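Structure data follow from query_0.txt (compact mmCIF, C-alpha atoms):
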# COMPACT_ATOMS: atom_id res chain seq x y z
CA MET W 1408 -21.12 -1.13 28.46
CA GLY W 1409 -20.37 2.34 27.14
CA PHE W 1410 -17.69 4.14 25.18
CA SER W 1411 -14.94 6.16 26.82
CA SER W 1412 -15.53 9.92 26.99
CA LYS W 1413 -12.03 10.29 25.51
CA ILE W 1414 -13.40 9.68 22.02
CA LYS W 1415 -15.66 12.75 22.30
CA SER W 1416 -14.55 15.97 20.59
CA ASN W 1417 -15.53 19.51 21.49
CA TYR W 1418 -14.70 20.79 18.01
CA ALA W 1419 -17.50 21.11 15.46
CA PRO W 1420 -15.95 20.66 11.98
CA LYS W 1421 -16.54 23.51 9.51
CA ARG W 1422 -17.40 23.21 5.83
CA LEU W 1423 -14.63 24.45 3.54
CA ALA W 1424 -15.04 25.57 -0.06
CA VAL W 1425 -12.06 24.28 -2.04
CA LYS W 1426 -10.85 24.80 -5.60
CA LEU W 1427 -8.00 22.86 -7.17
CA ASN W 1428 -5.63 23.33 -10.09
CA ALA W 1429 -6.08 21.18 -13.22
CA LYS W 1430 -3.80 18.41 -11.97
CA GLY W 1431 -5.56 18.17 -8.59
CA GLU W 1432 -8.96 18.19 -10.25
CA GLN W 1433 -7.98 15.30 -12.53
CA PHE W 1434 -6.90 13.24 -9.51
CA VAL W 1435 -10.23 13.83 -7.76
CA LEU W 1436 -12.27 13.04 -10.90
CA LYS W 1437 -10.39 9.74 -11.25
CA GLY W 1438 -11.28 8.87 -7.64
CA HIS W 1439 -7.77 9.22 -6.23
CA PRO W 1440 -7.97 9.71 -2.42
CA TRP W 1441 -5.13 12.27 -2.07
CA VAL W 1442 -5.08 16.02 -2.72
CA PHE W 1443 -1.67 17.60 -2.10
CA SER W 1444 -1.25 21.13 -0.73
CA ASN W 1445 0.28 22.35 -4.01
CA ASN W 1446 -2.88 21.30 -5.90
CA ILE W 1447 -5.10 23.68 -3.88
CA THR W 1448 -5.71 27.12 -5.41
CA LYS W 1449 -8.47 28.36 -3.08
CA ILE W 1450 -9.50 27.42 0.47
CA ASN W 1451 -10.76 29.08 3.68
CA GLU W 1452 -7.92 30.70 5.64
CA ASP W 1453 -9.08 29.35 9.01
CA ALA W 1454 -9.16 25.67 7.93
CA LYS W 1455 -8.43 23.14 10.70
CA SER W 1456 -7.82 19.37 10.72
CA GLY W 1457 -11.08 17.47 10.44
CA ASP W 1458 -12.96 20.21 8.61
CA LEU W 1459 -15.06 18.94 5.70
CA ALA W 1460 -13.51 20.02 2.39
CA ILE W 1461 -16.08 20.49 -0.36
CA VAL W 1462 -14.19 20.37 -3.65
CA PHE W 1463 -15.70 22.46 -6.43
CA SER W 1464 -14.83 22.06 -10.12
CA LYS W 1465 -12.47 24.68 -11.56
CA ASN W 1466 -14.78 26.24 -14.13
CA LYS W 1467 -18.29 25.30 -13.08
CA ASN W 1468 -19.51 25.61 -9.52
CA ARG W 1469 -20.41 21.97 -9.11
CA VAL W 1470 -19.17 19.69 -6.34
CA THR W 1471 -16.72 17.01 -7.54
CA GLY W 1472 -15.80 15.49 -4.20
CA LEU W 1473 -15.76 15.61 -0.39
CA GLY W 1474 -12.79 15.07 1.88
CA LEU W 1475 -11.29 15.84 5.28
CA TYR W 1476 -8.76 18.64 5.68
CA ASP W 1477 -5.42 17.67 7.28
CA ALA W 1478 -3.41 20.70 8.43
CA ASN W 1479 -0.33 18.58 9.29
CA SER W 1480 0.19 16.62 6.12
CA PRO W 1481 1.37 17.45 2.58
CA ILE W 1482 -1.66 15.34 1.59
CA ARG W 1483 -3.82 18.27 2.66
CA ILE W 1484 -7.20 16.77 1.77
CA LYS W 1485 -7.95 13.10 2.24
CA MET W 1486 -10.92 12.26 0.06
CA LEU W 1487 -13.97 10.41 1.35
CA HIS W 1488 -16.15 10.67 -1.76
CA SER W 1489 -15.51 11.53 -5.40
CA GLY W 1490 -18.09 12.35 -8.06
CA THR W 1491 -21.05 14.65 -8.57
CA GLN W 1492 -23.53 12.39 -6.76
CA LYS W 1493 -24.79 14.23 -3.68
CA VAL W 1494 -23.86 12.64 -0.34
CA GLU W 1495 -23.79 13.77 3.28
CA ILE W 1496 -20.82 12.84 5.48
CA ASN W 1497 -22.74 11.57 8.49
CA ALA W 1498 -23.41 8.38 10.48
CA GLY W 1499 -25.34 6.87 7.59
CA PHE W 1500 -22.41 7.46 5.21
CA PHE W 1501 -19.90 5.79 7.56
CA GLN W 1502 -22.33 2.93 8.32
CA LYS W 1503 -22.56 2.12 4.59
CA GLN W 1504 -18.77 2.27 4.14
CA ILE W 1505 -18.08 -0.02 7.11
CA GLU W 1506 -20.79 -2.52 6.14
CA GLU W 1507 -19.39 -2.68 2.58
CA ALA W 1508 -15.90 -3.28 3.96
CA PHE W 1509 -17.21 -6.08 6.20
CA ILE W 1510 -18.97 -7.80 3.28
CA LYS W 1511 -15.65 -7.91 1.37
CA ARG W 1512 -14.19 -9.97 4.26
CA THR W 1513 -16.99 -12.52 4.63
CA GLY W 1514 -15.22 -15.14 2.47
CA LEU W 1515 -12.18 -15.02 4.73
CA LEU W 1516 -14.33 -15.32 7.85
CA GLU W 1517 -15.92 -18.48 6.46
CA THR W 1518 -12.50 -20.16 6.86
CA ASN W 1519 -11.18 -21.08 10.33
CA THR W 1520 -10.00 -17.48 10.86
CA ASN W 1521 -11.14 -14.87 13.40
CA SER W 1522 -8.54 -12.17 12.75
CA TYR W 1523 -8.85 -9.72 9.87
CA ARG W 1524 -8.35 -6.15 8.73
CA LEU W 1525 -11.75 -4.51 8.55
CA LEU W 1526 -10.61 -1.07 7.38
CA PHE W 1527 -7.52 -0.70 5.19
CA GLY W 1528 -7.18 3.09 5.21
CA GLU W 1529 -7.83 4.83 1.89
CA ASN W 1530 -8.59 1.51 0.19
CA ASP W 1531 -11.78 1.19 2.26
CA GLY W 1532 -12.60 4.91 2.28
CA PHE W 1533 -10.93 5.71 5.63
CA PRO W 1534 -7.64 7.51 4.85
CA GLY W 1535 -5.36 7.57 7.88
CA LEU W 1536 -7.34 4.95 9.82
CA ILE W 1537 -6.77 1.19 10.20
CA ALA W 1538 -9.09 -1.23 12.01
CA ASP W 1539 -7.96 -4.79 12.77
CA VAL W 1540 -9.95 -7.48 14.56
CA TYR W 1541 -8.31 -10.13 16.74
CA ALA W 1542 -11.02 -12.54 17.94
CA SER W 1543 -13.25 -10.35 20.17
CA VAL W 1544 -10.89 -7.33 20.23
CA LEU W 1545 -10.89 -4.52 17.67
CA VAL W 1546 -7.76 -2.38 17.41
CA VAL W 1547 -8.12 1.02 15.71
CA LYS W 1548 -4.88 2.71 14.65
CA LEU W 1549 -5.07 6.42 13.90
CA TYR W 1550 -2.50 8.16 11.69
CA SER W 1551 -4.24 11.52 11.28
CA GLU W 1552 -6.05 14.12 13.42
CA ILE W 1553 -8.83 14.28 10.81
CA TRP W 1554 -10.69 11.42 12.52
CA LEU W 1555 -10.72 12.83 16.07
CA HIS W 1556 -14.00 14.66 15.48
CA TYR W 1557 -15.69 11.56 14.00
CA LEU W 1558 -14.68 8.83 16.47
CA GLU W 1559 -17.84 9.30 18.50
CA ILE W 1560 -19.87 8.45 15.36
CA ILE W 1561 -17.63 5.72 13.91
CA MET W 1562 -16.77 3.64 16.99
CA PRO W 1563 -20.31 2.43 17.81
CA ILE W 1564 -20.76 1.45 14.12
CA LEU W 1565 -17.51 -0.54 14.16
CA GLN W 1566 -18.58 -2.31 17.34
CA ASP W 1567 -22.04 -3.06 15.97
CA VAL W 1568 -20.84 -4.42 12.62
CA THR W 1569 -18.07 -6.61 14.09
CA GLY W 1570 -19.73 -7.58 17.38
CA VAL W 1571 -16.44 -7.19 19.26
CA GLU W 1572 -16.38 -6.97 23.06
CA THR W 1573 -13.38 -4.62 23.33
CA ILE W 1574 -11.96 -1.70 21.32
CA VAL W 1575 -8.36 -0.53 21.75
CA MET W 1576 -7.06 2.76 20.35
CA ARG W 1577 -3.51 2.90 18.97
CA LEU W 1578 -1.92 6.18 17.88
CA SER W 1579 0.87 6.98 15.44
CA ARG W 1580 3.85 8.83 16.88
CA GLY W 1581 2.64 12.07 15.33
CA LEU W 1582 -0.79 11.70 16.92
CA GLU W 1583 0.70 10.90 20.33
CA GLN W 1584 2.12 14.43 20.30
CA SER W 1585 -1.17 16.05 19.23
CA LYS W 1586 -2.90 18.36 21.73
CA LEU W 1587 -6.32 17.96 20.09
CA HIS W 1588 -7.34 14.88 22.10
CA GLN W 1589 -7.08 13.17 25.50
CA LEU W 1590 -6.30 9.72 24.13
CA LYS W 1591 -3.21 7.72 25.02
CA ASN W 1592 -1.69 5.02 22.82
CA GLY W 1593 -3.24 1.72 23.97
CA ASP W 1594 -6.35 3.20 25.60
CA VAL W 1595 -9.26 0.78 25.91
CA VAL W 1596 -12.18 2.90 24.69
CA TYR W 1597 -14.88 0.21 24.80
CA GLY W 1598 -15.31 -2.84 27.01
CA SER W 1599 -12.44 -4.22 29.06
CA LEU W 1600 -9.14 -5.97 28.40
CA ASN W 1601 -7.96 -8.52 30.96
CA ASN W 1602 -4.79 -9.42 29.05
CA GLU W 1603 -2.99 -7.24 26.49
CA VAL W 1604 -1.91 -10.45 24.73
CA VAL W 1605 -4.91 -11.61 22.70
CA ARG W 1606 -5.19 -15.09 21.19
CA PHE W 1607 -6.66 -15.53 17.71
CA VAL W 1608 -6.87 -18.09 14.91
CA GLU W 1609 -5.51 -17.86 11.35
CA HIS W 1610 -6.55 -20.70 9.00
CA GLY W 1611 -6.73 -23.08 11.96
CA VAL W 1612 -3.37 -22.02 13.43
CA ASN W 1613 -3.30 -20.37 16.88
CA PHE W 1614 -1.46 -17.08 17.37
CA SER W 1615 -1.32 -14.22 19.84
CA ALA W 1616 -0.89 -10.45 19.45
CA ASN W 1617 0.00 -7.81 22.00
CA VAL W 1618 -2.65 -5.25 21.11
CA ILE W 1619 -1.21 -2.58 23.43
CA LYS W 1620 2.55 -2.77 22.78
CA GLY W 1621 2.93 -4.79 19.56
CA HIS W 1622 3.97 -3.24 16.23
CA LYS W 1623 1.18 -1.46 14.30
CA THR W 1624 -1.98 -3.03 15.77
CA GLY W 1625 -0.15 -6.00 17.31
CA TYR W 1626 0.49 -8.27 14.34
CA PHE W 1627 0.86 -8.24 10.53
CA LEU W 1628 -2.26 -9.68 8.92
CA ASP W 1629 -1.37 -8.94 5.27
CA HIS W 1630 0.80 -12.07 4.77
CA ARG W 1631 -1.87 -14.48 6.00
CA ALA W 1632 -2.34 -16.29 2.65
CA ASN W 1633 1.44 -16.51 2.14
CA ARG W 1634 1.93 -17.97 5.61
CA LYS W 1635 -0.68 -20.63 4.83
CA GLN W 1636 1.00 -21.42 1.50
CA VAL W 1637 4.46 -21.70 3.06
CA GLY W 1638 2.96 -24.03 5.67
CA VAL W 1639 1.51 -26.32 2.99
CA TRP W 1640 4.90 -26.56 1.26
CA SER W 1641 6.89 -27.13 4.49
CA LYS W 1642 5.74 -30.66 5.45
CA GLY W 1643 8.80 -32.73 6.35
CA LYS W 1644 11.14 -29.84 5.42
CA THR W 1645 13.77 -27.69 7.12
CA VAL W 1646 12.69 -24.04 7.10
CA LEU W 1647 14.44 -20.69 7.67
CA ASP W 1648 12.19 -17.71 8.50
CA VAL W 1649 14.23 -14.48 8.17
CA PHE W 1650 12.92 -11.26 9.80
CA SER W 1651 10.51 -13.63 11.55
CA TYR W 1652 9.06 -11.12 14.08
CA ALA W 1653 6.33 -13.08 15.96
CA GLY W 1654 6.96 -16.21 13.88
CA GLY W 1655 4.09 -16.08 11.39
CA PHE W 1656 5.75 -18.22 8.72
CA SER W 1657 7.60 -20.33 11.32
CA VAL W 1658 4.45 -21.32 13.21
CA HIS W 1659 2.52 -22.24 10.05
CA ALA W 1660 5.48 -24.40 8.95
CA LEU W 1661 5.63 -26.18 12.34
CA TYR W 1662 1.85 -26.66 12.40
CA ASN W 1663 2.01 -28.26 8.94
CA GLY W 1664 4.69 -30.78 9.89
CA ALA W 1665 8.04 -29.11 9.18
CA LYS W 1666 10.96 -31.17 10.47
CA GLU W 1667 12.94 -28.19 11.76
CA VAL W 1668 12.26 -24.43 11.71
CA THR W 1669 14.72 -21.64 12.44
CA SER W 1670 13.31 -18.18 13.23
CA LEU W 1671 15.78 -15.32 12.72
CA ASP W 1672 15.13 -11.79 13.99
CA ILE W 1673 17.11 -8.92 15.49
CA SER W 1674 14.66 -8.76 18.43
CA LYS W 1675 15.09 -11.38 21.16
CA GLN W 1676 11.68 -10.32 22.50
CA ALA W 1677 10.04 -11.01 19.12
CA LEU W 1678 11.69 -14.44 18.99
CA ASP W 1679 10.34 -15.26 22.45
CA ILE W 1680 6.85 -14.43 21.14
CA ALA W 1681 7.48 -16.61 18.07
CA VAL W 1682 8.37 -19.55 20.33
CA GLN W 1683 5.27 -18.95 22.48
CA ASN W 1684 3.07 -18.71 19.37
CA GLY W 1685 4.45 -22.05 18.23
CA LYS W 1686 3.53 -23.59 21.59
CA LEU W 1687 -0.09 -22.51 21.17
CA ASN W 1688 -0.26 -25.35 18.62
CA THR W 1689 0.64 -29.04 18.54
CA TYR W 1690 3.75 -29.85 16.48
CA SER W 1691 6.54 -32.44 16.44
CA GLY W 1692 9.33 -30.50 14.69
CA ILE W 1693 12.21 -28.58 16.28
CA HIS W 1694 11.96 -24.78 16.64
CA LYS W 1695 15.32 -22.98 16.76
CA THR W 1696 15.93 -19.22 17.02
CA ILE W 1697 18.77 -16.91 15.99
CA ALA W 1698 18.88 -13.37 17.42
CA GLY W 1699 20.92 -10.91 15.38
CA ASP W 1700 21.27 -8.72 12.29
CA ALA W 1701 19.83 -10.70 9.37
CA PHE W 1702 22.55 -9.84 6.84
CA LYS W 1703 25.36 -10.85 9.22
CA GLU W 1704 23.62 -14.00 10.44
CA LEU W 1705 22.86 -15.17 6.89
CA GLU W 1706 26.53 -14.72 5.95
CA GLU W 1707 27.45 -16.81 8.99
CA LEU W 1708 25.07 -19.62 7.99
CA ILE W 1709 26.52 -19.61 4.46
CA LYS W 1710 30.07 -19.72 5.85
CA ASN W 1711 29.07 -22.80 7.85
CA LYS W 1712 27.57 -24.38 4.70
CA ILE W 1713 24.10 -24.67 6.25
CA THR W 1714 21.14 -24.84 3.85
CA PHE W 1715 17.36 -25.17 4.22
CA ASP W 1716 14.62 -26.74 2.10
CA VAL W 1717 12.47 -23.61 2.44
CA VAL W 1718 13.86 -20.09 2.96
CA VAL W 1719 11.47 -17.18 3.63
CA ILE W 1720 12.87 -13.62 3.59
CA ASP W 1721 10.27 -10.99 4.52
CA PRO W 1722 12.09 -7.80 5.61
CA PRO W 1723 10.53 -4.61 7.02
CA SER W 1724 10.13 -1.67 4.63
CA PHE W 1725 13.51 -0.52 3.30
CA ALA W 1726 12.18 2.64 1.59
CA LYS W 1727 9.97 4.85 3.74
CA GLN W 1728 10.92 7.89 1.62
CA ALA W 1729 11.93 8.44 -2.01
CA SER W 1730 15.60 9.05 -1.11
CA GLU W 1731 15.88 5.46 0.19
CA ILE W 1732 14.68 3.67 -2.97
CA VAL W 1733 18.15 3.07 -4.51
CA LEU W 1734 19.55 1.62 -1.27
CA ALA W 1735 16.40 -0.48 -0.80
CA LYS W 1736 16.86 -2.08 -4.22
CA LYS W 1737 20.46 -2.95 -3.36
CA LYS W 1738 19.30 -4.59 -0.11
CA TYR W 1739 16.68 -6.66 -1.97
CA ALA W 1740 19.36 -7.82 -4.44
CA GLN W 1741 21.64 -8.71 -1.53
CA LEU W 1742 18.90 -10.72 0.20
CA ALA W 1743 18.05 -12.61 -3.01
CA LYS W 1744 21.74 -13.54 -3.36
CA LEU W 1745 22.04 -14.66 0.27
CA GLY W 1746 18.72 -16.52 0.08
CA GLU W 1747 19.80 -18.48 -2.99
CA GLN W 1748 22.98 -19.66 -1.26
CA LEU W 1749 20.94 -20.82 1.75
CA THR W 1750 18.33 -22.72 -0.29
CA ALA W 1751 19.02 -26.45 -0.51
CA LYS W 1752 18.96 -28.55 -3.67
CA ASN W 1753 15.46 -28.49 -5.22
CA GLY W 1754 14.47 -26.07 -2.44
CA LEU W 1755 12.05 -23.15 -2.29
CA LEU W 1756 13.06 -19.50 -1.80
CA VAL W 1757 10.30 -17.05 -0.85
CA LEU W 1758 11.18 -13.36 -1.25
CA ALA W 1759 8.83 -10.59 -0.11
CA SER W 1760 8.75 -6.79 -0.01
CA CYS W 1761 6.44 -4.38 1.82
CA SER W 1762 8.15 -1.20 0.51
CA SER W 1763 5.39 0.63 -1.39
CA ARG W 1764 7.97 2.89 -3.05
CA VAL W 1765 9.66 -0.11 -4.67
CA LEU W 1766 7.25 -1.14 -7.42
CA ALA W 1767 6.29 -4.81 -7.80
CA GLN W 1768 7.80 -5.05 -11.30
CA ASP W 1769 11.10 -3.59 -10.08
CA PHE W 1770 11.18 -6.04 -7.15
CA PHE W 1771 10.58 -9.07 -9.37
CA ASP W 1772 13.12 -7.79 -11.93
CA ILE W 1773 15.77 -7.51 -9.17
CA ASN W 1774 15.08 -11.08 -8.04
CA ASP W 1775 15.12 -12.40 -11.62
CA LYS W 1776 18.45 -10.70 -12.36
CA ILE W 1777 20.11 -12.23 -9.28
CA LEU W 1778 18.56 -15.69 -9.56
CA THR W 1779 19.22 -16.11 -13.30
CA SER W 1780 22.89 -15.25 -12.78
CA VAL W 1781 23.56 -18.33 -10.61
CA LYS W 1782 24.69 -21.76 -11.85
CA ARG W 1783 21.46 -23.61 -11.06
CA SER W 1784 18.09 -22.91 -12.61
CA CYS W 1785 14.95 -21.81 -10.81
CA ASN W 1786 11.36 -21.01 -11.72
CA LEU W 1787 9.03 -18.38 -10.33
CA VAL W 1788 6.18 -20.70 -9.36
CA LEU W 1789 3.90 -18.18 -7.65
CA LYS W 1790 3.49 -14.40 -7.39
CA THR W 1791 1.21 -12.93 -4.72
CA GLY W 1792 0.12 -9.59 -3.30
CA HIS W 1793 -2.15 -8.60 -0.44
CA ASP W 1794 -4.58 -10.99 1.20
CA VAL W 1795 -8.31 -10.39 0.61
CA ASP W 1796 -8.76 -8.18 3.67
CA HIS W 1797 -6.23 -5.71 2.22
CA PRO W 1798 -8.05 -4.66 -0.99
CA VAL W 1799 -6.26 -2.15 -3.23
CA SER W 1800 -8.34 0.69 -4.68
CA PHE W 1801 -5.59 3.07 -5.91
CA PRO W 1802 -2.00 2.54 -7.16
CA GLU W 1803 -0.20 3.77 -4.02
CA GLY W 1804 -2.38 1.49 -1.90
CA ALA W 1805 -0.43 -1.55 -3.16
CA TYR W 1806 2.73 -2.35 -1.24
CA LEU W 1807 3.02 -6.09 -0.64
CA LYS W 1808 4.59 -8.41 -3.21
CA CYS W 1809 5.89 -11.93 -2.79
CA GLY W 1810 7.64 -14.37 -5.13
CA TYR W 1811 8.09 -18.14 -4.70
CA TYR W 1812 11.20 -19.45 -6.50
CA ARG W 1813 11.64 -23.21 -6.92
CA PHE W 1814 15.17 -24.45 -7.69
CA SER W 1815 15.64 -27.51 -9.89
CA GLY W 1816 19.15 -28.19 -8.72
Can the structure from this file be put into structure tokens for me?
Amino acid sequence: MGFSSKIKSNYAPKRLAVKLNAKGEQFVLKGHPWVFSNNITKINEDAKSGDLAIVFSKNKNRVTGLGLYDANSPIRIKMLHSGTQKVEINAGFFQKQIEEAFIKRTGLLETNTNSYRLLFGENDGFPGLIADVYASVLVVKLYSEIWLHYLEIIMPILQDVTGVETIVMRLSRGLEQSKLHQLKNGDVVYGSLNNEVVRFVEHGVNFSANVIKGHKTGYFLDHRANRKQVGVWSKGKTVLDVFSYAGGFSVHALYNGAKEVTSLDISKQALDIAVQNGKLNTYSGIHKTIAGDAFKELEELIKNKITFDVVVIDPPSFAKQASEIVLAKKKYAQLAKLGEQLTAKNGLLVLASCSSRVLAQDFFDINDKILTSVKRSCNLVLKTGHDVDHPVSFPEGAYLKCGYYRFSG
């Protein structure tokens, strides 16, 4: 069983000598993985994506870091190594990085779980690259051309460390347009794939992911611990899962004995998957679905005086750029208000955000402001972030935050 020739590159990366301004140098010395174009004061004129950037200190000619040059991003150099310790960016370097990442996930894999994020971009030393495992299938998602010249080295290491039988390549929209490769989004570059819908297990609960057409790599693994927690607190309860997508929270609730679960999403197709995911498990509760715009549908439920024992609101990112932050905060406030009205007496409201530009403290402050202004009292009983396979190694790497609010009336 060999690797597809599509992962081979004809380009031999060059070595670039780079000097930065004081601000850029400070970032590198602190181990930050991003160097912006306006921090570069000197670099080779013929630099191309994937070239190895050797960052020299401003005053002394000593190497302070190594990174990959990205011609198409304002983050012009994505750092692989910071510090004066001498390293070579080769197969041995990547082997060590991948093995270290795998070790961090061993605790999770000792539970009844066979799906995990092996490489979380910059946080695991692979800026612009994500690697998720679903049972025996590894899905690699590329966001930058910088990795095209290194796939031939990295892919066999990923396969060896994980022991997967199949590797699927997913490409960001930007990379789909790139002329520097022959890859297509969804290409199987190792092994074979009989069914694009892959079954996997998450804390004993069965799920499926479409690894070819699904969002990102097919599923969202970051909320795994929150899904398990919601499941534990849903026994015998009525549950509303808003922005449910493939039914992560819904299925855990059903599996754990929820009386009735309602999955709400704008995508009818996603709701069909949620229902199918539920059926991969044994449960006795009722699974309902509502297809429509969340804000409108929540208003409709409130109008009809319908409440739930557990309400989970986990929207997609509302702020993909700085200009959207103010509107995003208003939407979070709106959802907290709607969620409170839908939460039954002594119920639980779970509010989550995956907008990295909205800081965790700001998100919790918004929720507190809304929930302390209502007539009944509630307590923040649990605050969570990323699951263990999404380690955070720099401030911008943190995006997920989740609050559990228990009402006492």
- Answer as a PyMOL selection string, residues within 8 Å of (-8.7, 4.6, 15.4) using only C-alpha atoms: chain W and resi 1536-1538+1546-1549+1554+1558+1576-1578
List as a compact mmCIF listing (two decimals) with C-alpha atoms, in the frame of the given file: which residues have an atom within 8 Å of (-5.2, 3.3, -4.7), counting all atoms listed in the file?
# COMPACT_ATOMS: atom_id res chain seq x y z
CA HIS W 1439 -7.77 9.22 -6.23
CA PRO W 1440 -7.97 9.71 -2.42
CA GLU W 1529 -7.83 4.83 1.89
CA ASN W 1530 -8.59 1.51 0.19
CA VAL W 1799 -6.26 -2.15 -3.23
CA SER W 1800 -8.34 0.69 -4.68
CA PHE W 1801 -5.59 3.07 -5.91
CA PRO W 1802 -2.00 2.54 -7.16
CA GLU W 1803 -0.20 3.77 -4.02
CA GLY W 1804 -2.38 1.49 -1.90
CA ALA W 1805 -0.43 -1.55 -3.16
- Item | Distance query Ser1784 in chain W at most 9 Å, all atoms listed in the file, self and fewer than 4 positions along chain excluded, as a PyMOL selection string | chain W and resi 1778-1779+1813-1816
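Atom to atom, CA of His1694 in chain W and CA of Val1682 in chain W stand 7.3 Å apart.
Distance check against Arg1469 in chain W using all atoms listed in the file: of W:Lys1449, W:His1488, W:Ser1551, W:Lys1426, the minimum falls on W:Lys1426.
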- Query: Which one is closest to Leu1628 in chain W: W:Trp1441, W:Tyr1476, W:Phe1607, W:Tyr1597? Count only C-alpha atoms.
  - Reply: W:Phe1607
- Item | Length of the CA of Val1604 in chain W to CA of Cys1809 in chain W vector [Å] | 28.6 Å
- Item | All residues 10 Å or closer to Asn1613 in chain W, only C-alpha atoms, same chain fewer than 5 positions away omitted, as a list in words | Thr1520, Arg1606, Phe1607, Val1608, Val1658, His1659, Tyr1662, Asn1684, Gly1685, Lys1686, Leu1687, Asn1688 and Thr1689 of chain W
- Query: What does the distance from CA of Leu1671 in chain W to CA of Ala1616 in chain W come to in Å, to one decimal?
  - Reply: 18.6 Å
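Considering all atoms listed in the file, the residue among W:Ile1713, W:Gln1584, W:Glu1517, W:Ser1615 positioned nearest to Ala1542 in chain W is W:Ser1615.
Compared by their closest atoms to Leu1647 in chain W, and using all atoms listed in the file, the residues W:Lys1727, W:Lys1695, W:Lys1712, W:His1622 rank with W:Lys1695 nearest.
Counting only C-alpha atoms, the residue from W:Ala1701, W:Val1544, W:Ala1677, W:Ala1508 that sits nearest to Val1595 in chain W is W:Val1544.
Closest approach to Ser1641 in chain W among W:Ala1429, W:Val1718, W:Ile1680, W:Ala1751: W:Val1718, based on only C-alpha atoms.
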Using only C-alpha atoms, determine which residues lie at most 12 Å from Phe1770 in chain W, disregarding the query and same-chain residues fewer than 2 positions distant; provide the list as a PDB file with C-alpha atoms, in the coordinates of the input.
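Wrote around_9.pdb, looks like this:
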ATOM      1  CA  ILE W1732      14.680   3.670  -2.970  1.00  0.00           C
ATOM      2  CA  VAL W1733      18.150   3.070  -4.510  1.00  0.00           C
ATOM      3  CA  ALA W1735      16.400  -0.480  -0.800  1.00  0.00           C
ATOM      4  CA  LYS W1736      16.860  -2.080  -4.220  1.00  0.00           C
ATOM      5  CA  LYS W1737      20.460  -2.950  -3.360  1.00  0.00           C
ATOM      6  CA  LYS W1738      19.300  -4.590  -0.110  1.00  0.00           C
ATOM      7  CA  TYR W1739      16.680  -6.660  -1.970  1.00  0.00           C
ATOM      8  CA  ALA W1740      19.360  -7.820  -4.440  1.00  0.00           C
ATOM      9  CA  LEU W1742      18.900 -10.720   0.200  1.00  0.00           C
ATOM     10  CA  ALA W1743      18.050 -12.610  -3.010  1.00  0.00           C
ATOM     11  CA  LEU W1758      11.180 -13.360  -1.250  1.00  0.00           C
ATOM     12  CA  ALA W1759       8.830 -10.590  -0.110  1.00  0.00           C
ATOM     13  CA  SER W1760       8.750  -6.790  -0.010  1.00  0.00           C
ATOM     14  CA  CYS W1761       6.440  -4.380   1.820  1.00  0.00           C
ATOM     15  CA  SER W1762       8.150  -1.200   0.510  1.00  0.00           C
ATOM     16  CA  SER W1763       5.390   0.630  -1.390  1.00  0.00           C
ATOM     17  CA  ARG W1764       7.970   2.890  -3.050  1.00  0.00           C
ATOM     18  CA  VAL W1765       9.660  -0.110  -4.670  1.00  0.00           C
ATOM     19  CA  LEU W1766       7.250  -1.140  -7.420  1.00  0.00           C
ATOM     20  CA  ALA W1767       6.290  -4.810  -7.800  1.00  0.00           C
ATOM     21  CA  GLN W1768       7.800  -5.050 -11.300  1.00  0.00           C
ATOM     22  CA  ASP W1772      13.120  -7.790 -11.930  1.00  0.00           C
ATOM     23  CA  ILE W1773      15.770  -7.510  -9.170  1.00  0.00           C
ATOM     24  CA  ASN W1774      15.080 -11.080  -8.040  1.00  0.00           C
ATOM     25  CA  ASP W1775      15.120 -12.400 -11.620  1.00  0.00           C
ATOM     26  CA  LYS W1776      18.450 -10.700 -12.360  1.00  0.00           C
ATOM     27  CA  ILE W1777      20.110 -12.230  -9.280  1.00  0.00           C
ATOM     28  CA  LYS W1790       3.490 -14.400  -7.390  1.00  0.00           C
ATOM     29  CA  TYR W1806       2.730  -2.350  -1.240  1.00  0.00           C
ATOM     30  CA  LEU W1807       3.020  -6.090  -0.640  1.00  0.00           C
ATOM     31  CA  LYS W1808       4.590  -8.410  -3.210  1.00  0.00           C
ATOM     32  CA  CYS W1809       5.890 -11.930  -2.790  1.00  0.00           C
ATOM     33  CA  GLY W1810       7.640 -14.370  -5.130  1.00  0.00           C
TER      34      GLY W1810
END
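For Glu1559 in chain W, the non-local neighbours within 9 Å, defined as residues at least 5 positions apart in the same chain or in other chains and counting only C-alpha atoms, are Phe1410, Ser1412, Ile1414, Lys1415 and Ser1416 of chain W.
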